[in-house]
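**Q** Coordinates in target.cif, mmCIF, C-alpha atoms and all ligand atoms, are listed below.
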```cif
data_upload
loop_
_atom_site.label_atom_id
_atom_site.label_comp_id
_atom_site.auth_asym_id
_atom_site.auth_seq_id
_atom_site.Cartn_x
_atom_site.Cartn_y
_atom_site.Cartn_z
CA MET A 1 -149.22 -55.74 53.85
CA ASN A 2 -147.74 -59.20 54.11
CA THR A 3 -144.44 -59.25 56.05
CA GLU A 4 -141.83 -61.56 54.54
CA TRP A 5 -139.46 -63.06 57.08
CA LEU A 6 -136.16 -63.76 55.30
CA VAL A 7 -133.55 -65.89 57.04
CA VAL A 8 -129.99 -65.20 55.93
CA SER A 9 -127.84 -68.19 56.72
CA LYS A 10 -124.07 -68.45 56.42
CA HIS A 11 -124.45 -71.73 54.60
CA VAL A 12 -126.44 -70.71 51.57
CA ASP A 13 -126.18 -68.18 48.80
CA ASN A 14 -128.27 -65.20 49.93
CA ASP A 15 -127.83 -63.02 46.84
CA GLU A 16 -131.48 -63.05 45.94
CA ILE A 17 -132.54 -62.10 49.46
CA TYR A 18 -130.17 -59.13 49.64
CA GLN A 19 -131.21 -57.94 46.18
CA GLN A 20 -134.88 -58.06 47.17
CA VAL A 21 -134.25 -56.02 50.30
CA VAL A 22 -131.99 -53.52 48.52
CA ASP A 23 -134.63 -53.01 45.81
CA SER A 24 -137.31 -52.53 48.43
CA LEU A 25 -135.24 -49.88 50.26
CA LEU A 26 -134.39 -48.11 47.00
CA SER A 27 -138.10 -48.01 46.13
CA GLY A 28 -138.74 -46.10 49.38
CA GLU A 29 -139.78 -48.90 51.74
CA VAL A 30 -138.68 -49.55 55.32
CA VAL A 31 -137.02 -52.85 56.19
CA ALA A 32 -135.88 -54.48 59.46
CA PHE A 33 -132.34 -55.84 59.68
CA PRO A 34 -129.98 -57.10 62.39
CA THR A 35 -127.05 -55.12 63.80
CA GLU A 36 -124.65 -56.18 66.57
CA THR A 37 -126.73 -54.22 69.13
CA VAL A 38 -130.44 -54.66 68.33
CA TYR A 39 -132.54 -54.96 65.15
CA GLY A 40 -132.91 -51.70 63.22
CA LEU A 41 -135.79 -50.41 61.08
CA GLY A 42 -134.06 -48.87 58.09
CA ALA A 43 -134.91 -46.44 55.32
CA ILE A 44 -132.66 -44.62 52.84
CA ALA A 45 -131.58 -41.57 54.82
CA THR A 46 -131.80 -39.16 51.88
CA ASN A 47 -135.39 -40.10 50.99
CA GLU A 48 -137.79 -37.95 53.04
CA ASP A 49 -140.92 -40.01 52.28
CA ALA A 50 -139.14 -43.23 53.25
CA VAL A 51 -137.81 -41.73 56.48
CA GLN A 52 -141.30 -40.50 57.40
CA LYS A 53 -142.52 -44.08 57.12
CA ILE A 54 -140.16 -45.04 59.96
CA PHE A 55 -141.92 -42.58 62.26
CA GLN A 56 -145.38 -43.80 61.17
CA VAL A 57 -144.55 -47.48 61.51
CA LYS A 58 -143.01 -47.09 64.98
CA GLY A 59 -145.37 -44.41 66.29
CA ARG A 60 -142.21 -42.44 67.06
CA PRO A 61 -142.36 -38.80 68.25
CA ALA A 62 -141.37 -36.61 65.28
CA ASP A 63 -138.76 -34.63 67.24
CA ASN A 64 -136.53 -37.62 67.97
CA PRO A 65 -133.57 -37.80 65.53
CA LEU A 66 -132.46 -41.03 63.87
CA ILE A 67 -129.02 -42.63 63.76
CA VAL A 68 -127.58 -42.89 60.25
CA HIS A 69 -125.79 -46.15 59.45
CA ILE A 70 -122.94 -46.16 56.95
CA ALA A 71 -120.68 -48.86 55.52
CA SER A 72 -117.33 -47.29 56.42
CA HIS A 73 -115.77 -44.23 57.99
CA GLU A 74 -114.76 -42.87 54.57
CA GLN A 75 -118.40 -41.86 54.12
CA VAL A 76 -118.49 -39.54 57.13
CA SER A 77 -117.30 -36.47 55.22
CA ARG A 78 -120.34 -36.70 52.95
CA PHE A 79 -122.56 -35.75 55.90
CA VAL A 80 -120.31 -33.88 58.30
CA GLU A 81 -118.76 -30.37 58.23
CA THR A 82 -115.61 -31.04 60.22
CA ILE A 83 -114.29 -34.18 61.84
CA PRO A 84 -112.64 -33.39 65.19
CA PRO A 85 -109.32 -35.26 65.67
CA LEU A 86 -110.75 -37.04 68.75
CA ALA A 87 -113.52 -38.41 66.57
CA THR A 88 -111.00 -39.83 64.10
CA GLN A 89 -109.32 -41.67 66.98
CA LEU A 90 -112.67 -43.03 68.15
CA MET A 91 -113.62 -44.19 64.66
CA GLU A 92 -110.27 -45.94 64.26
CA ASN A 93 -110.68 -47.71 67.59
CA PHE A 94 -114.37 -48.55 67.69
CA TRP A 95 -115.77 -48.73 64.14
CA PRO A 96 -117.30 -50.93 63.03
CA GLY A 97 -118.96 -51.17 66.42
CA PRO A 98 -121.61 -49.98 68.89
CA LEU A 99 -120.57 -46.33 69.08
CA THR A 100 -122.68 -43.56 67.54
CA LEU A 101 -120.86 -40.26 67.10
CA VAL A 102 -122.86 -37.03 66.95
CA PHE A 103 -121.26 -34.49 64.58
CA LYS A 104 -122.21 -31.07 63.28
CA ARG A 105 -123.88 -31.97 60.01
CA LYS A 106 -123.75 -30.49 56.53
CA PRO A 107 -127.02 -28.80 55.64
CA SER A 108 -129.41 -30.33 53.10
CA VAL A 109 -127.71 -33.68 52.52
CA LEU A 110 -129.99 -35.91 54.59
CA ALA A 111 -133.78 -36.00 54.58
CA PRO A 112 -135.04 -33.32 57.03
CA SER A 113 -136.89 -35.82 59.27
CA VAL A 114 -133.65 -37.64 60.10
CA THR A 115 -132.45 -34.68 62.18
CA PRO A 116 -135.54 -32.76 63.38
CA ASN A 117 -134.67 -29.51 65.23
CA VAL A 118 -130.95 -30.34 65.45
CA GLU A 119 -127.92 -29.21 63.47
CA THR A 120 -126.13 -32.45 64.23
CA VAL A 121 -126.24 -36.01 62.95
CA GLY A 122 -125.49 -39.31 64.71
CA LEU A 123 -123.45 -41.71 62.58
CA ARG A 124 -122.29 -45.26 63.11
CA VAL A 125 -120.81 -48.24 61.23
CA PRO A 126 -122.51 -51.37 62.62
CA ASP A 127 -120.38 -54.44 63.30
CA HIS A 128 -122.65 -57.08 61.83
CA PRO A 129 -122.09 -59.00 58.57
CA VAL A 130 -125.73 -58.69 57.46
CA ALA A 131 -125.92 -54.94 58.15
CA LEU A 132 -122.55 -54.34 56.49
CA ARG A 133 -123.40 -56.34 53.40
CA LEU A 134 -126.72 -54.52 53.07
CA LEU A 135 -125.05 -51.10 53.43
CA THR A 136 -122.27 -51.98 51.00
CA GLN A 137 -124.61 -53.35 48.38
CA LEU A 138 -126.97 -50.35 48.76
CA ASP A 139 -124.20 -47.78 48.74
CA GLU A 140 -126.56 -45.37 50.50
CA PRO A 141 -126.80 -44.19 54.13
CA VAL A 142 -129.54 -45.91 56.13
CA ALA A 143 -131.46 -44.11 58.89
CA ALA A 144 -132.50 -46.70 61.45
CA PRO A 145 -133.93 -46.60 64.96
CA SER A 146 -134.53 -49.83 66.85
CA ALA A 147 -137.21 -51.92 65.08
CA ASN A 148 -139.78 -51.90 67.90
CA LYS A 149 -143.00 -49.97 68.39
CA SER A 150 -142.08 -46.80 70.28
CA GLY A 151 -141.93 -47.33 74.05
CA ARG A 152 -141.54 -51.13 73.82
CA PRO A 153 -138.34 -53.11 74.48
CA SER A 154 -135.91 -53.12 71.52
CA PRO A 155 -135.85 -56.30 69.41
CA THR A 156 -132.94 -58.71 69.75
CA ILE A 157 -134.42 -61.48 67.57
CA ALA A 158 -136.50 -61.37 64.38
CA ALA A 159 -139.54 -62.69 66.28
CA HIS A 160 -139.56 -59.51 68.43
CA VAL A 161 -139.69 -57.40 65.26
CA TYR A 162 -142.47 -59.58 63.89
CA GLU A 163 -144.41 -59.24 67.14
CA ASP A 164 -144.40 -55.42 66.85
CA LEU A 165 -144.38 -54.75 63.10
CA GLN A 166 -146.03 -57.68 61.31
CA GLU A 167 -148.30 -56.63 58.45
CA ILE A 168 -146.88 -53.10 58.38
CA ILE A 169 -143.39 -53.62 56.93
CA PRO A 170 -142.54 -55.69 53.83
CA PHE A 171 -139.36 -57.47 55.01
CA ILE A 172 -137.55 -58.67 58.11
CA LEU A 173 -133.99 -59.86 57.49
CA ASP A 174 -133.34 -62.51 60.13
CA GLY A 175 -129.67 -62.83 61.12
CA GLY A 176 -130.28 -64.59 64.46
CA GLN A 177 -129.99 -63.09 67.94
CA THR A 178 -128.04 -59.83 68.14
CA GLY A 179 -124.69 -60.21 69.89
CA LEU A 180 -124.81 -57.33 72.37
CA GLY A 181 -128.48 -56.97 73.17
CA VAL A 182 -128.42 -53.27 74.11
CA GLU A 183 -128.06 -50.26 71.82
CA SER A 184 -124.99 -48.32 70.81
CA THR A 185 -123.33 -45.70 72.98
CA VAL A 186 -124.23 -42.18 71.78
CA LEU A 187 -121.38 -39.68 72.13
CA ASP A 188 -121.61 -36.04 71.12
CA VAL A 189 -118.23 -34.98 69.72
CA THR A 190 -119.32 -31.38 69.03
CA THR A 191 -118.62 -30.45 72.68
CA THR A 192 -115.27 -30.21 74.47
CA PRO A 193 -114.82 -32.67 76.01
CA PRO A 194 -117.30 -34.99 74.22
CA THR A 195 -120.62 -35.67 76.00
CA LEU A 196 -121.97 -39.15 76.70
CA LEU A 197 -125.64 -38.90 75.68
CA ARG A 198 -126.51 -42.60 76.09
CA PRO A 199 -124.44 -45.40 77.64
CA GLY A 200 -124.24 -48.48 75.40
CA GLY A 201 -122.09 -51.23 73.97
CA VAL A 202 -118.83 -49.25 74.13
CA THR A 203 -118.20 -48.28 77.75
CA LYS A 204 -117.21 -44.88 79.16
CA GLU A 205 -113.95 -46.44 80.39
CA GLN A 206 -113.11 -47.76 76.90
CA ILE A 207 -113.71 -44.33 75.37
CA GLU A 208 -111.68 -42.55 78.04
CA GLU A 209 -108.76 -44.91 77.50
CA VAL A 210 -108.54 -43.57 73.95
CA ILE A 211 -109.38 -39.85 74.26
CA GLY A 212 -109.22 -39.00 77.97
CA ALA A 213 -112.04 -37.69 80.16
CA ILE A 214 -115.52 -37.22 78.68
CA GLN A 215 -118.50 -35.56 80.34
CA LEU A 216 -122.05 -36.52 81.24
CA PRO A 217 -124.90 -34.22 80.07
CA ASN A 218 -125.43 -32.66 83.51
CA GLU A 219 -121.77 -31.75 84.06
CA GLN A 220 -121.07 -29.84 80.88
CA VAL A 221 -118.22 -27.39 81.08
CA SER A 222 -118.38 -25.81 77.64
CA THR A 223 -121.01 -25.51 74.90
CA ALA A 224 -124.48 -26.58 75.94
CA ALA A 225 -124.97 -29.93 74.22
CA PRO A 226 -128.56 -30.94 73.66
CA ARG A 227 -129.46 -34.09 75.53
CA SER A 228 -130.32 -37.00 73.31
CA PRO A 229 -133.90 -35.97 72.52
CA GLY A 230 -135.01 -39.60 72.78
CA THR A 231 -134.09 -39.80 76.44
CA LYS A 232 -137.20 -37.87 77.53
CA TYR A 233 -139.69 -40.45 76.27
CA LYS A 234 -141.01 -43.64 77.81
CA HIS A 235 -138.73 -46.50 76.84
CA TYR A 236 -138.18 -50.24 76.90
CA ALA A 237 -141.29 -50.80 79.02
CA PRO A 238 -143.05 -54.14 79.44
CA GLU A 239 -146.84 -54.08 79.92
CA ALA A 240 -146.98 -54.66 83.70
CA PRO A 241 -145.42 -52.08 86.04
CA LEU A 242 -141.79 -52.86 86.79
CA PHE A 243 -140.06 -52.16 90.11
CA LEU A 244 -136.30 -52.17 90.70
CA LEU A 245 -134.97 -54.15 93.62
CA PRO A 246 -131.41 -54.37 94.98
CA PRO A 247 -129.73 -57.83 94.74
CA ASP A 248 -130.70 -59.06 98.22
CA GLU A 249 -132.30 -62.47 98.79
CA GLN A 250 -134.23 -61.45 101.90
CA LEU A 251 -135.61 -58.31 100.28
CA LEU A 252 -136.67 -60.27 97.20
CA LYS A 253 -138.47 -62.84 99.33
CA GLN A 254 -140.24 -60.10 101.26
CA ALA A 255 -141.17 -58.20 98.08
CA ILE A 256 -142.70 -61.28 96.45
CA GLU A 257 -144.64 -62.15 99.63
CA GLN A 258 -145.96 -58.65 99.98
CA ALA A 259 -147.03 -58.39 96.34
CA MET A 260 -148.76 -61.78 96.50
CA ALA A 261 -150.54 -60.75 99.69
CA ASN A 262 -151.85 -57.76 97.72
CA GLY A 263 -153.29 -60.15 95.14
CA GLU A 264 -150.60 -59.47 92.54
CA ARG A 265 -149.24 -62.10 90.15
CA VAL A 266 -145.49 -61.69 90.25
CA ALA A 267 -142.83 -62.11 87.57
CA VAL A 268 -139.18 -61.60 88.48
CA ILE A 269 -136.36 -60.85 86.06
CA GLY A 270 -132.89 -61.24 87.50
CA PRO A 271 -129.63 -63.14 87.42
CA ASP A 272 -129.21 -66.93 87.73
CA GLU A 273 -127.98 -66.54 91.30
CA TYR A 274 -131.32 -65.23 92.64
CA ARG A 275 -133.60 -67.72 90.89
CA THR A 276 -136.59 -68.60 93.08
CA THR A 277 -139.76 -70.65 92.65
CA GLN A 278 -141.58 -68.36 95.03
CA ALA A 279 -142.73 -66.04 92.23
CA GLU A 280 -144.99 -67.41 89.48
CA TRP A 281 -142.41 -66.56 86.82
CA TYR A 282 -138.65 -66.06 87.02
CA PHE A 283 -136.77 -65.02 83.89
CA SER A 284 -133.08 -65.45 84.33
CA MET A 285 -130.70 -63.30 82.27
CA GLY A 286 -127.36 -64.91 83.16
CA SER A 287 -124.76 -64.62 85.87
CA ILE A 288 -124.70 -61.50 88.04
CA HIS A 289 -120.92 -61.56 87.54
CA ARG A 290 -121.23 -61.28 83.75
CA PRO A 291 -122.90 -58.00 82.75
CA GLU A 292 -122.58 -58.89 79.06
CA GLU A 293 -124.91 -61.89 79.63
CA LEU A 294 -127.43 -59.70 81.44
CA ALA A 295 -127.37 -57.17 78.59
CA TYR A 296 -127.68 -59.90 75.95
CA ASN A 297 -130.86 -61.30 77.58
CA LEU A 298 -132.50 -58.15 79.00
CA TYR A 299 -134.96 -57.27 76.23
CA ASN A 300 -135.98 -60.87 75.73
CA ALA A 301 -136.74 -61.13 79.46
CA LEU A 302 -138.81 -57.91 79.37
CA ARG A 303 -140.77 -59.22 76.40
CA ALA A 304 -141.19 -62.62 78.03
CA CYS A 305 -143.04 -60.90 80.90
CA ASN A 306 -145.61 -59.68 78.35
CA HIS A 307 -146.41 -63.30 77.56
CA THR A 308 -147.35 -64.09 81.17
CA PHE A 309 -150.31 -63.05 83.30
CA ALA A 310 -148.03 -61.10 85.62
CA THR A 311 -149.54 -57.94 87.08
CA ILE A 312 -146.24 -56.78 88.56
CA ILE A 313 -142.58 -57.27 87.61
CA LEU A 314 -139.71 -57.16 90.07
CA ALA A 315 -136.32 -56.58 88.42
CA ILE A 316 -133.10 -57.26 90.28
CA GLU A 317 -130.40 -54.63 89.86
CA ALA A 318 -126.80 -55.38 88.88
CA SER A 319 -123.49 -53.56 89.05
CA THR A 320 -122.83 -50.71 86.62
CA GLU A 321 -119.36 -52.05 85.73
CA GLY A 322 -118.63 -52.23 82.00
CA VAL A 323 -121.73 -52.84 79.88
CA GLY A 324 -123.61 -53.12 83.21
CA GLU A 325 -123.98 -49.35 82.95
CA ALA A 326 -126.04 -49.68 79.74
CA PHE A 327 -127.97 -52.62 81.25
CA MET A 328 -128.92 -50.60 84.35
CA ASN A 329 -129.72 -47.52 82.25
CA ARG A 330 -132.29 -49.49 80.19
CA LEU A 331 -133.70 -51.31 83.22
CA SER A 332 -134.17 -48.00 85.08
CA LYS A 333 -136.03 -46.57 82.10
CA ALA A 334 -138.26 -49.62 81.98
CA ALA A 335 -139.01 -48.98 85.68
CA GLU A 336 -139.87 -45.31 84.99
CA GLY A 337 -138.43 -44.41 88.39
CA LYS A 338 -140.22 -47.09 90.44
CA ASN A 339 -138.16 -48.77 93.18
CA TYR A 340 -139.39 -51.41 95.58
CA SER A 341 -138.81 -49.83 98.94
CA GLY A 342 -139.60 -52.76 101.25
CA LYS A 343 -142.03 -50.61 103.23
O1 LIG B 1 -127.65 -49.60 68.56
C1 LIG B 1 -128.32 -48.66 68.12
O2 LIG B 1 -127.99 -47.47 68.26
C2 LIG B 1 -129.62 -49.02 67.38
C3 LIG B 1 -129.24 -49.78 66.10
C4 LIG B 1 -130.43 -50.08 65.24
O3 LIG B 1 -128.25 -49.07 65.41
N1 LIG B 1 -130.38 -47.85 67.08
C5 LIG B 1 -131.04 -47.14 68.03
O4 LIG B 1 -131.78 -46.09 67.54
O5 LIG B 1 -130.99 -47.42 69.21
P1 LIG B 1 -132.89 -45.32 68.41
O6 LIG B 1 -133.54 -44.38 67.49
O7 LIG B 1 -133.75 -46.33 69.07
O8 LIG B 1 -132.04 -44.50 69.45
C6 LIG B 1 -131.21 -43.46 68.98
C7 LIG B 1 -130.89 -42.49 70.10
C8 LIG B 1 -132.10 -41.68 70.51
O9 LIG B 1 -132.08 -41.50 71.92
C9 LIG B 1 -131.87 -40.35 69.78
O10 LIG B 1 -132.48 -39.27 70.45
C10 LIG B 1 -130.35 -40.25 69.78
O11 LIG B 1 -129.90 -41.58 69.62
N2 LIG B 1 -129.85 -39.43 68.66
C11 LIG B 1 -129.87 -39.71 67.34
N3 LIG B 1 -129.37 -38.68 66.62
C12 LIG B 1 -129.01 -37.73 67.51
C13 LIG B 1 -128.46 -36.41 67.40
N4 LIG B 1 -128.15 -35.87 66.23
N5 LIG B 1 -128.23 -35.72 68.54
C14 LIG B 1 -128.54 -36.25 69.75
N6 LIG B 1 -129.06 -37.48 69.91
C15 LIG B 1 -129.31 -38.20 68.81
MG MG B 2 -135.00 -47.30 70.36
#
```
Rewrite the structure of this file - the entire thing - as structure tokens.
**A**
Amino acid sequence: MNTEWLVVSKHVDNDEIYQQVVDSLLSGEVVAFPTETVYGLGAIATNEDAVQKIFQVKGRPADNPLIVHIASHEQVSRFVETIPPLATQLMENFWPGPLTLVFKRKPSVLAPSVTPNVETVGLRVPDHPVALRLLTQLDEPVAAPSANKSGRPSPTIAAHVYEDLQEIIPFILDGGQTGLGVESTVLDVTTTPPTLLRPGGVTKEQIEEVIGAIQLPNEQVSTAAPRSPGTKYKHYAPEAPLFLLPPDEQLLKQAIEQAMANGERVAVIGPDEYRTTQAEWYFSMGSIHRPEELAYNLYNALRACNHTFATIILAIEASTEGVGEAFMNRLSKAAEGKNYSGK
């Protein structure tokens, strides 16, 4: 299948492009589109055959539920039994935006593969003009995971989607680089208090300012909330093994020297402040004082390592303030538990 790469620019009339993509989705195809977090791979969420294509295209484990994207919060009641008052407050404050809310779902409305083994559904209204126009024009819910092959870093530009999914999907809508660069926060509002299943673009502090204390999955006080099923799989990983390293110039120097002495070819991803020519490659993600820059550039840096001959990647840690929490969460997953110990 030939993949058409369609650039939607603010300066031209894109009607034909949107119509083409809408028609393709309505005919049961999967299509990649930008959101404010990362690119999504969408299918109509009520069409079982279309949703199954998402899993095939990505190589995604069948038991991992998909987030359903909708155009506005008025559509929630179509899919959800009851909307807890806290959830209404969150929707008013953060939608459209990078917050996915997990509700108890109505039975038999969505295609079964959207919510395998769970009685809940994750919903969000993306804050991106291309995604919103597509959803509005479609007037259908769109199930969409990140538009990468399973296990690989999420795509933040159309070229990342093309790299992973060329020849297997019909369209990529190119809306430029995504503004946030890490995925939405996933919050389960079926528990009391709500449970943070995945840190993301909306921070824990921002949520707590609106609804008070929330819990993490391992400190549940009431109903046992299922962890986000996706959290158990390999994620965001570049091809070479990646080791986490604290932000310490001496330790970095020592780590690079040691790896080189072992015959390794070293790539480093880190902030501007630690840039060094000692390693063969250094991919800078922005200032260590600006977590939003680090998040914006993270996946591009991980993918950039795949285009080098590096046999090992050292990744410099940052603070977990604000969106730094989501940044460190994704980086730790990419490391699969490997830390450089200095010994
Ligand atoms: O920013 C985002 O959330 C992006 C864009 C495209 O919207 N999407 C995204 O989807 O990151 P995905 O499939 O890569 O990650 C969704 C996560 C997975 O960890 C999944 O297990 C969890 O959300 N999830 C989805 N529905 C859930 C549910 N009903 N209960 C618990 N976790 C759920
Ligand atoms: Mg993903």
**Q** Please indicate the distance in Å from atom CA of A:Glu293 to atom CA of A:Arg275, rounded to one decimal place.
**A**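 Going from atom CA of A:Glu293 over to atom CA of A:Arg275 covers 15.4 Å.
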**Q** If I take atom CA of A:Gly322 and atom CA of A:Trp281, how far is one from the other in Å, to one decimal?
**A**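 Separation of atom CA of A:Gly322 and atom CA of A:Trp281: 28.2 Å.
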**Q** Find the axis-aligned box for stretch 116-132 of chain A, covering all its listed atoms and adding 6 Å on each side, and write its centre and edge lengths in Å to one decimal as AutoDock Vina command-line options.
**A**
```
--center_x -128.0 --center_y -44.1 --center_z 61.0 --size_x 27.2 --size_y 41.8 --size_z 21.0
```
**Q** Nearest to A:Pro84 among A:Ile211, A:Ala240, A:Met260, A:Ile312, with distances taken over all atoms listed in the file: which residue is it?
**A**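 The shortest atom-to-atom distance to A:Pro84 comes from A:Ile211.
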**Q** Go ahead and find all residues with at least one atom no further than 10 Å from (-111.6, -44.0, 73.3) in the file's coordinates, using only C-alpha atoms; report them as an MDAnalysis selection string.
**A** chainID A and resid 86:87 89:94 202:214
**Q** May I have the residues within 9 Å of A:Leu331 as a list in words, using all atoms listed in the file and disregarding those fewer than 5 positions away in the same chain?
**A**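 My list of contacting residues is Tyr236, Ala237, Leu242, Leu244, Leu298, Ala315, Glu317, Ala326 and Glu336 of chain A.
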**Q** Suppose you want the space between atom O5 of ligand LIG 1 (chain B) and atom CA of A:Glu183; what is it in Å?
**A** 4.8 Å
**Q** Go through stretch 73-134 of chain A residue by residue and, counting only C-alpha atoms, keep those with an atom at most 10 Å from stretch 157-179 of chain A; for each kept residue give the shortest atom pair and its distance in Å to one decimal, ordered by chain and increasing number, as CSV.
**A**
```
residue,atom,partner,partner_atom,distance
A:Asp127,CA,A:Gly179,CA,9.8
A:His128,CA,A:Thr178,CA,8.7
A:Pro129,CA,A:Gly175,CA,8.9
A:Val130,CA,A:Gly175,CA,6.8
A:Ala131,CA,A:Gly175,CA,9.2
```
**Q** If the limit is 7 Å from any atom of ligand MG 2 (chain B), counting all atoms listed in the file, which residues qualify? Return them as an mmCIF file with C-alpha atoms, in the frame of the given file.
**A**
```
data_model
loop_
_atom_site.group_PDB
_atom_site.id
_atom_site.type_symbol
_atom_site.label_atom_id
_atom_site.label_comp_id
_atom_site.auth_asym_id
_atom_site.auth_seq_id
_atom_site.Cartn_x
_atom_site.Cartn_y
_atom_site.Cartn_z
ATOM 1 C CA PRO A 145 -133.930 -46.600 64.960
ATOM 2 C CA SER A 146 -134.530 -49.830 66.850
ATOM 3 C CA SER A 154 -135.910 -53.120 71.520
#
```
**Q** If you count all atoms listed in the file, which residues end up within 6 Å of ligand LIG 1 (chain B), as a list in words?
**A**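 With all atoms listed in the file and a cut-off of 6 Å, ligand LIG 1 (chain B) is contacted by Thr37, Val38, Tyr39, Gly40, Asn64, Pro65, Leu66, Ile67, Val102, Thr120, Val121, Gly122, Ala144, Pro145, Ser146, Glu183, Ser184, Ser228, Pro229, Gly230 and Thr231 of chain A.
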**Q** Restricting the calculation to all atoms listed in the file, which member of A:Leu251, A:Asn297, A:Gly151, A:Gln278 is positioned closest to A:Lys333?
**A**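 Result for the nearest residue to A:Lys333: A:Gly151.
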**Q** List every protein, DNA or RNA residue that has an atom no more than 12 Å from (-139.5, -48.4, 94.0) in the file's coordinate frame, counting only C-alpha atoms, and report them as a PyMOL selection string.
**A** chain A and resi 241-246+255+313-317+332+335-343
**Q** Next, dump the selected residues to file, keeping only C-alpha atoms, as a short mmCIF file (atom, residue, chain, number, x, y, z; two decimals), in the coordinates of the input.
**A**
```cif
data_model
loop_
_atom_site.label_atom_id
_atom_site.label_comp_id
_atom_site.auth_asym_id
_atom_site.auth_seq_id
_atom_site.Cartn_x
_atom_site.Cartn_y
_atom_site.Cartn_z
CA PRO A 241 -145.42 -52.08 86.04
CA LEU A 242 -141.79 -52.86 86.79
CA PHE A 243 -140.06 -52.16 90.11
CA LEU A 244 -136.30 -52.17 90.70
CA LEU A 245 -134.97 -54.15 93.62
CA PRO A 246 -131.41 -54.37 94.98
CA ALA A 255 -141.17 -58.20 98.08
CA ILE A 313 -142.58 -57.27 87.61
CA LEU A 314 -139.71 -57.16 90.07
CA ALA A 315 -136.32 -56.58 88.42
CA ILE A 316 -133.10 -57.26 90.28
CA GLU A 317 -130.40 -54.63 89.86
CA SER A 332 -134.17 -48.00 85.08
CA ALA A 335 -139.01 -48.98 85.68
CA GLU A 336 -139.87 -45.31 84.99
CA GLY A 337 -138.43 -44.41 88.39
CA LYS A 338 -140.22 -47.09 90.44
CA ASN A 339 -138.16 -48.77 93.18
CA TYR A 340 -139.39 -51.41 95.58
CA SER A 341 -138.81 -49.83 98.94
CA GLY A 342 -139.60 -52.76 101.25
CA LYS A 343 -142.03 -50.61 103.23
#
```
**Q** When you look at stretch 13-23 of chain A with a cut-off of 7 Å (counting only C-alpha atoms), what residues show up, excluding the ones that are within fewer than 3 positions of it in the same chain? I need them as a list in words.
**A**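 Here the qualifying residues turn out to be Val8, Leu26, Ser27, Leu134 and Leu138 of chain A.
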**Q** Could you check which of A:Trp95, A:Trp5, A:Phe55, A:Phe309 is closest to A:His73, using all atoms listed in the file?
**A** A:Trp95
